[in-house]
Amino acid sequence: MTHTDTVLVVGELVVDYTLAKNDATCKLRLGGVAHAARGLWAAELEYSIAAFCPRYLIDEAKKYLMELECKEFIWLGEVIGAPNVILIGDVAEVSHQGYEDLMRNTKIVKAHDTIPRLDAYQRVVIFPGKFDISALICAFAADARFSFDIAYDLEDISSLDAFRGRVQALIISTSSSLFMKLGKDDIDDLLDTVSKLLPEIFLLKENRGGSRLYNFCDESVIEIPATLGHTVNSVGVGDVYSGVMVGLSHKGWVEAAWRGCQAATVYSQSTFPDDIKRDIQRGFKLSLEVLDALGGTVLPWHDRQNYSIYLAGPDFTYTEKQELDRAVDSLTYHNFRVRRPILENGELKLPASEGDLRCTYHMDCQLLKECDAVFAVPLGRDPGTLVEIGMAIEMGKPVITYDPRRENENTMVVVGSSVYSAALDACLNGTFNAIAQLRAESR
Amino acid sequence: MGSSGSGNFSDYPGSMAKEITENGIGVTGGTSGIDKCKQAFHVLLDDVGNSEFYSQFNGVPAIGDQLGILFDKKRVFAVDRNGVKVGALPTSFNYLVACLEDGVNYVGLVSSSAVTPVPTVAADFVPK
């Protein structure tokens with residue numbers, strides 16, 4: 001039987017385990033291609049799963065996927081030497097997600113000696129794993145078309161050469177190590193590399209900065225904005241985007257990408273599948289014109305370095321400042337250009353001479369003037385930080401105040417700041433919005 | 001919000017949220033039972049000084065005045081009983097557009113308002 005409308009999702013099934021942290025409880029979910037499955041189910045699209053997984057997981061996976069209306073489950077092979085359990089440190093992806101694939105060094109993915117037939121499917125989306133992708137090609141129909149989400153587990157795009165000319169979509173994320181290797185400085189190098197596979201489109205998912213859709217057929221580039229909200233769980237969000245986009249590709253890539261983006265946004269904001277489905281279906285009732293009018297946050301990865309962010313905070317070597325360091329990690333991870341006055345202009349000796357004080361004051365003021373926005377972390381009600389916040393407000397610069405210890409809930413600080421929050425997630429969103437606004441005004 | 005736990009896969013569709021207190025803490029289930037569209041909200045309106053209402057009446061609605069929600073195909077606005085725009089809702093409330101499209105409507109009351117030093121209106125809304 002041929003499944004013309006059914007998308008075949010190929011990859012690994014894993015167990016995702018989110019570690020309990022601060023006020024977040026632990027979380028156990030079927031992961032890997034199960035994320036795309038949830039997205040396709042919630043989008044009411046037909047799909048089947050062909051997956052590698054450890055034997056112990058098969059029955060649970062089948063049971064779970066059948067509840068998600070998976071048309072067919074095909075076990076492609078065994079995972080041995082590792083439980084296929086991934087520990088997740090940061091579900092909001094304010095910084096590196098901290099994925100830990102347990103026993104990954106001893107993990108072996110072993111395809112069945114005879115690969116099950118996959119030739120009933122014309123549309124296939126593959127999420128690479130520790131399996132040999134090219135070994136599967138003989139199992140597919142001659143007219144099958146492929147999409148690849150190459151965010152993870154692909155060291156070299158040339159390993160997809162066997163699929164050249166049969167590729168519909170190539171999809172990557174700025175969170176990916178492959179992106180960091182091929183495209184972090186220059187998108188053109190990455191485009192040159194992916195174009196060798198002759199795909200119809202290339203999608204670059206840029207986290208909270210939206211995504212860019214490159215259509216190689218008509219040479220168009222579309223920016224799709226992100227809709228930022230409170231992130232409950234970012235794990236698998238990109239897979240949902242990819243799965244839904246491929247599932248809706250018959251509507252044209254532009255609409256498919258917008259819908260994929262909508263589905264991904266909803267998926268990031270809940271882990272209850274029925275809630276996700278309800279909210280995705282609601283969102284799908286809106287026309288593309290309405291979505292376009294509502295807009296959102298557009299801040300491409302490669303534009304972020306064009307804007308300088310002044311870090312106001314007690315960034316001293318002798319201060320306990322782990323929250324400030326985490327904020328810097330987060331901003332750097334998202335490719336923002338963070339200017340740290342104490343690192344750039346030097347840390348004063350205690351006590352400092354009047355001359356040194358005066359010199360440093362003027363250098364810091366100059367740096368503040370040069371920057372486009374301020375990210376303030378006023379730990380310990382640091383007076384220098386509070387003065388810098390005031391100066392920046394008066395200069396008309398956006399000020400994002402991250403107050404993790406809630407020490408500065410003061411009218412002037414709270415109202416004067418573009419964003420004031422004790423949550424880094426909210427401050428990161430605020431930074432994306434503020435810089436995106438500056439970018440929009442400059443165009 | 002998010003389902004949680006560690007004993008087994010628990011996020012099956014069709015099951016209601018259930019709190020776990022033994023062998024791990026959290027909430028399991030397919031639905032949280034919470035629908036954002038059906039929740040009340042408080043909002044401080046944007047651009048009140050540039051609104052139709054301020055232009056027409058050189059003032060702001062009084063505390064207790066009734067408001068509604070309107071999407072004009074570009075932005076979400078709070079409007080008075082006659083449909084006159086009082087101010088825009090911040091973009092974080094853009095989710096209301098999908099709620100309106102799904103048939104949920106809202107009614108609100110002005111909770112605070114002032115003309116000086118800058119025109120300001122805050123309101124509480126509930127779904128009806």
# chains A, B, ... in the order shown; residues from 1 in each chain; ligands from 1

$ select_by_dssp --residues "range 104-293 of chain A" --states "strand (DSSP E)" --output "number ranges by chain"
A: 108-111, 121-126, 145-149, 167-173, 201-205, 211-215, 220-224

$ write_last_selection --atoms "C-alpha atoms" --output "mmCIF file, in the first residue's frame"
data_model
loop_
_atom_site.group_PDB
_atom_site.id
_atom_site.type_symbol
_atom_site.label_atom_id
_atom_site.label_comp_id
_atom_site.auth_asym_id
_atom_site.auth_seq_id
_atom_site.Cartn_x
_atom_site.Cartn_y
_atom_site.Cartn_z
ATOM 1 C CA ILE A 108 26.288 1.046 18.692
ATOM 2 C CA VAL A 109 23.351 1.325 16.315
ATOM 3 C CA LYS A 110 22.935 -1.908 14.423
ATOM 4 C CA ALA A 111 20.537 -2.040 11.487
ATOM 5 C CA TYR A 121 6.343 6.331 1.355
ATOM 6 C CA GLN A 122 7.018 9.189 -1.017
ATOM 7 C CA ARG A 123 7.753 11.864 1.569
ATOM 8 C CA VAL A 124 10.450 11.105 4.080
ATOM 9 C CA VAL A 125 11.965 13.283 6.782
ATOM 10 C CA ILE A 126 15.173 11.994 8.307
ATOM 11 C CA ARG A 145 11.767 12.596 -1.803
ATOM 12 C CA PHE A 146 13.764 13.363 1.300
ATOM 13 C CA SER A 147 14.083 16.108 3.857
ATOM 14 C CA PHE A 148 16.857 16.149 6.422
ATOM 15 C CA ASP A 149 17.031 17.933 9.746
ATOM 16 C CA VAL A 167 16.321 16.272 -1.483
ATOM 17 C CA GLN A 168 13.330 18.498 -0.787
ATOM 18 C CA ALA A 169 14.441 20.309 2.329
ATOM 19 C CA LEU A 170 17.605 20.698 4.350
ATOM 20 C CA ILE A 171 17.055 22.085 7.800
ATOM 21 C CA ILE A 172 19.559 23.197 10.396
ATOM 22 C CA SER A 173 19.519 25.130 13.632
ATOM 23 C CA ILE A 201 14.771 24.733 0.127
ATOM 24 C CA PHE A 202 17.062 25.333 3.053
ATOM 25 C CA LEU A 203 15.678 26.368 6.443
ATOM 26 C CA LEU A 204 17.882 27.990 9.071
ATOM 27 C CA LYS A 205 16.191 27.967 12.465
ATOM 28 C CA SER A 211 14.100 31.526 10.948
ATOM 29 C CA ARG A 212 15.160 32.062 7.360
ATOM 30 C CA LEU A 213 13.761 30.089 4.455
ATOM 31 C CA TYR A 214 15.984 29.954 1.360
ATOM 32 C CA ASN A 215 14.227 28.733 -1.753
ATOM 33 C CA SER A 220 13.899 33.919 -2.575
ATOM 34 C CA VAL A 221 14.674 34.388 1.119
ATOM 35 C CA ILE A 222 11.825 34.704 3.603
ATOM 36 C CA GLU A 223 12.274 35.751 7.226
ATOM 37 C CA ILE A 224 9.804 34.074 9.553
#

$ select_by_dssp --residues "range 34-125 of chain B" --states "helix (DSSP H, G or I)" --output "list in words"
Lys36, Cys37, Lys38, Val48, Gly49, Asn50, Glu52, Phe53, Tyr54, Ser55, Gln56, Phe57, Thr91, Ser92, Phe93, Tyr95, Leu96, Val97, Ala98, Cys99, Leu100 and Glu101 of chain B

$ interface_residues --of "chain A" --to "chain B" --cutoff "6 Å" --atoms "only C-alpha atoms" --output "VMD selection string"
chain A and resid 25 to 29 270 to 275 282 to 283 293

$ closest_atom_pairs --of "range 316-397 of chain A" --to "range 406-428 of chain A" --cutoff "8 Å" --atoms "only C-alpha atoms" --output "CSV"
residue,atom,partner,partner_atom,distance
A:Ala327,CA,A:Leu424,CA,7.0
A:Ser330,CA,A:Leu428,CA,7.8
A:Leu331,CA,A:Leu428,CA,7.5
A:Pro378,CA,A:Asn408,CA,7.4
A:Leu379,CA,A:Glu407,CA,7.4
A:Gly380,CA,A:Glu407,CA,6.9
A:Arg381,CA,A:Glu407,CA,6.4
A:Leu386,CA,A:Val413,CA,7.9
A:Ile389,CA,A:Val413,CA,7.6
A:Gly390,CA,A:Gly416,CA,8.0
A:Ile393,CA,A:Gly416,CA,6.4

$ residues_around --residues "Glu347 in chain A" --least-positions-apart "2" --cutoff "9 Å" --atoms "only C-alpha atoms" --output "PyMOL selection string"
chain A and resi 315-317+341-345+349+360

$ atom_distance --atom1 "CA of Lys184 in chain A" --atom2 "CA of Gly209 in chain A"
14.3 Å

$ residues_around --residues "range 61-66 of chain A" --least-positions-apart "5" --cutoff "9 Å" --atoms "only C-alpha atoms" --output "list in words"
Leu13, Leu30, Ala34, Ala37, Arg38, Ile49, Lys71, Glu72 and Phe73 of chain A; Phe9, Asp11 and Tyr12 of chain B

$ atom_distance --atom1 "CA of Gly313 in chain A" --atom2 "CA of Glu370 in chain A"
17.2 Å

$ closest_residue --among "A:Lys107, A:His112, A:Arg340, A:His362" --to "Leu324 in chain A" --atoms "only C-alpha atoms"
A:Arg340

$ closest_residue --among "B:Asn105, B:Ser51, B:Ser113, B:Thr120" --to "Ala88 in chain B" --atoms "only C-alpha atoms"
B:Ser51

$ residues_around --residues "range 242-253 of chain A" --least-positions-apart "6" --cutoff "6 Å" --atoms "only C-alpha atoms" --output "list in words"
Ala36, Leu40 and Gly260 of chain A

$ residues_around --residues "Ala50 in chain A" --least-positions-apart "3" --cutoff "10 Å" --atoms "only C-alpha atoms" --output "VMD selection string"
chain A and resid 8 to 13 33 53 72 to 77 116 118 124 126
